[in-house]
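Comments concern the structure below.
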Amino acid sequence: MPARLVCDSTADLSAADRDAGRVIVVPLKVIFGDESLVDGVDIDAERFYARMRASSRNPTTSQPTPAEFEAAFRDAAADGSSVVCTTLSAEMSGTHGAAAQAREALPDLDIHVVDTRTVGIGHNAIVRAATAAAGEGRPATEIVDLIRGIIARQRSIFTVETLEYLRRGGRIGGARALLGSVLNIKPVLEVRDGRIEPHDKVRTYQRALDRIASEVVAASGETGRRARVVLGHADRLADCRGLADRVREHCDGEPEIIEIGPVVGCHAGPGTIGLSFYLP
């Protein structure tokens with residue numbers, strides 16, 4: 001049976017990927033005061049960061065409803081396909097719970113809901129791999145196994161201009177221990193088992209990028225294999241391209257660069273940059 005893919009909007013797919021129709025995206029919402037904006041529909045990353053920098057109020061986010069996931073599942077399964085749905089980590093949002101509730105409401109459909117235990121760049125990398133597998137005609141069970149295999153060996157490492165946005169949004173996890181660091185310390189963070197945890201702290205932004213790149217270099221060097229890499233930035237494209245240059249020779253194919261979207265950017269803040277990688 002063929003498989004169709006569904007994901008939430010924290011996979012930060014490009015407009016071209018969305019328009020290609022290979023994945024149905026269930027969007028979260030970004031809220032500025034009384035204004036609720038649908039991620040990727042009412043607001044894109046460029047407009048979001050411009051507005052966020054100009055605003056004195058921190059925006060918030062809200063998850064999709066089970067009914068929104070139900071509609072996406074019915075659409076995906078309309079031709080008899082099985083459905084594979086990926087969500088951001090359940091440790092960070094109730095989105096996974098909403099998708100699981102929608103699956104329970106549709107017992108006659110073959111729906112697989114997977115908690116990716118990550119978000120943003122990590123989620124994007126998983127959706128890319130799943131999309132390729134679905135394009136090869138692989139069944140849903142094989143795609144789920146592929147995703148779980150990636151989750152088991154994937155690492156997502158990033159740095160932020162400030163921890164304040166993570167603190168305000170309640171997504172700071174174990175990185176809370178770094179809040180008291182002096183101003184010239186740059187945190188290097190990792191998504192570990194679905195939560196944001198401290199990885200290292202260095203003196204400058206450029207050293208933080210060096211530290212992030214070193215993880216890919218070390219993993220590739222230890223195994224002799226090249227990594228699958230997705231890089232992401234929040235209004236920091238030039239630095240992200242520089243980070244891509246540092247890891248390119250250790251990548252399996254050209255490293256992908258994405259713009260971190262409004263929902264993830266709401267919590268991480270402008271200036272965030274990082275990468276996700278795994279060894280195939």
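Identifiers in this document derive from the order of the structure tokens: chains are assigned A, B, ..., residues are numbered from 1 separately in each chain, and ligands are numbered from 1 in order of occurrence.
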Can you pull out the residues contacting Ser156 in chain A? Cut-off 8 Å, using only C-alpha atoms, and skip same-chain residues under 5 positions away; I want them as a CSV table (one decimal) with N, CA and C atoms, in the first residue's frame.
chain,number,residue,atom,x,y,z
A,118,THR,N,12.6,15.7,18.2
A,118,THR,CA,13.4,16.8,17.8
A,118,THR,C,12.5,17.9,17.3
A,121,ILE,N,15.4,21.8,12.4
A,121,ILE,CA,16.4,21.2,11.4
A,121,ILE,C,16.4,19.7,11.5
A,122,GLY,N,16.2,19.2,12.7
A,122,GLY,CA,16.2,17.7,12.9
A,122,GLY,C,14.9,17.1,12.3
A,190,GLU,N,22.1,21.4,22.5
A,190,GLU,CA,21.8,20.1,21.8
A,190,GLU,C,20.4,19.7,22.1
A,191,VAL,N,19.6,19.2,21.1
A,191,VAL,CA,18.4,18.5,21.3
A,191,VAL,C,18.7,17.1,21.6
A,192,ARG,N,18.4,16.7,22.9
A,192,ARG,CA,18.8,15.4,23.4
A,192,ARG,C,17.6,14.7,24.0
A,274,GLY,N,22.4,26.5,13.5
A,274,GLY,CA,22.8,25.2,13.9
A,274,GLY,C,22.7,24.2,12.8
A,275,LEU,N,22.9,23.0,13.1
A,275,LEU,CA,22.8,21.9,12.2
A,275,LEU,C,22.3,20.6,12.8
A,276,SER,N,21.8,19.8,12.0
A,276,SER,CA,21.4,18.4,12.4
A,276,SER,C,22.1,17.4,11.5
A,277,PHE,N,22.6,16.3,12.0
A,277,PHE,CA,23.3,15.4,11.1
A,277,PHE,C,23.1,14.0,11.6
Strand (DSSP E) per DSSP on the backbone: members of range 106-175 of chain A, as a ChimeraX atom specification:
/A:111-115,155-159
Next, write the just-selected residues to a file, as a PDB file, in the first residue's frame, keeping C-alpha atoms as the atom set.
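Result written to out.pdb:
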ATOM      1  CA  ILE A 111      -2.128   6.028  10.286  1.00  0.00           C
ATOM      2  CA  HIS A 112       1.299   6.016  11.931  1.00  0.00           C
ATOM      3  CA  VAL A 113       2.152   8.976  14.174  1.00  0.00           C
ATOM      4  CA  VAL A 114       5.838   9.361  15.067  1.00  0.00           C
ATOM      5  CA  ASP A 115       7.316  11.641  17.714  1.00  0.00           C
ATOM      6  CA  ARG A 155      22.204  14.886  16.545  1.00  0.00           C
ATOM      7  CA  SER A 156      20.988  18.487  16.405  1.00  0.00           C
ATOM      8  CA  ILE A 157      23.374  21.125  17.749  1.00  0.00           C
ATOM      9  CA  PHE A 158      22.891  24.890  17.686  1.00  0.00           C
ATOM     10  CA  THR A 159      23.695  28.219  19.272  1.00  0.00           C
TER      11      THR A 159
END
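Minimum distance to Ile260 in chain A across A:Gly137, A:Pro107, A:Pro59, A:Gly232 (counting only C-alpha atoms) occurs at A:Gly232.
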From the list A:Gly40, A:Gly253, A:Gly261, A:Gly94, the nearest residue to Asp19 in chain A using only C-alpha atoms is A:Gly40
Once DSSP has gone over the backbone, tell me which residues of range 56-264 of chain A are in alpha helix (DSSP H), as a PyMOL selection string.
chain A and resi 66-76+95-104+121-135+140-153+164-169+205-223+237-247+262-264
Find the residues near range 234-245 of chain A: any atom within 7 Å, counting only C-alpha atoms, skip ones fewer than 6 places away on the same chain, and give them as a compact mmCIF listing (two decimals) with C-alpha atoms, in the first residue's frame.
# COMPACT_ATOMS: atom_id res chain seq x y z
CA TYR A 49 11.94 38.10 12.25
CA LEU A 209 30.12 27.76 15.18
CA ALA A 213 31.15 22.07 12.99
CA PRO A 255 24.52 20.20 2.90
CA GLU A 259 15.47 29.09 7.22
CA ILE A 260 14.19 28.41 10.72
CA GLY A 265 12.12 31.07 15.84
CA PRO A 270 16.60 35.65 15.83
CA GLY A 271 20.28 34.87 15.37
CA THR A 272 19.89 31.15 16.07
CA ILE A 273 22.04 28.91 13.88
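Counting only C-alpha atoms and comparing A:Ser9, A:Ser93, A:Ser81, A:Thr60, the residue that lies closest to Arg138 in chain A is A:Ser81.
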Could I get the residues of range 129-165 of chain A with an atom no further than 12 Å from an atom of range 220-227 of chain A, each paired with its nearest atom pair and that distance in Å to one decimal, using only C-alpha atoms, sorted by chain and residue number, as JSON lines?
{"residue": "A:Ile150", "atom": "CA", "partner": "A:Ala227", "partner_atom": "CA", "distance": 11.7}
{"residue": "A:Arg153", "atom": "CA", "partner": "A:Ala227", "partner_atom": "CA", "distance": 11.0}
{"residue": "A:Gln154", "atom": "CA", "partner": "A:Ala227", "partner_atom": "CA", "distance": 10.0}
{"residue": "A:Arg155", "atom": "CA", "partner": "A:Ala227", "partner_atom": "CA", "distance": 10.8}
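Across the model, the gap from CA of Gln63 in chain A to CA of Ala98 in chain A is 8.1 Å.
Shortest atom-to-atom contact with Arg18 in chain A among A:Gln206, A:Ser82, A:Thr131, A:Thr162: A:Thr131, counting only C-alpha atoms.
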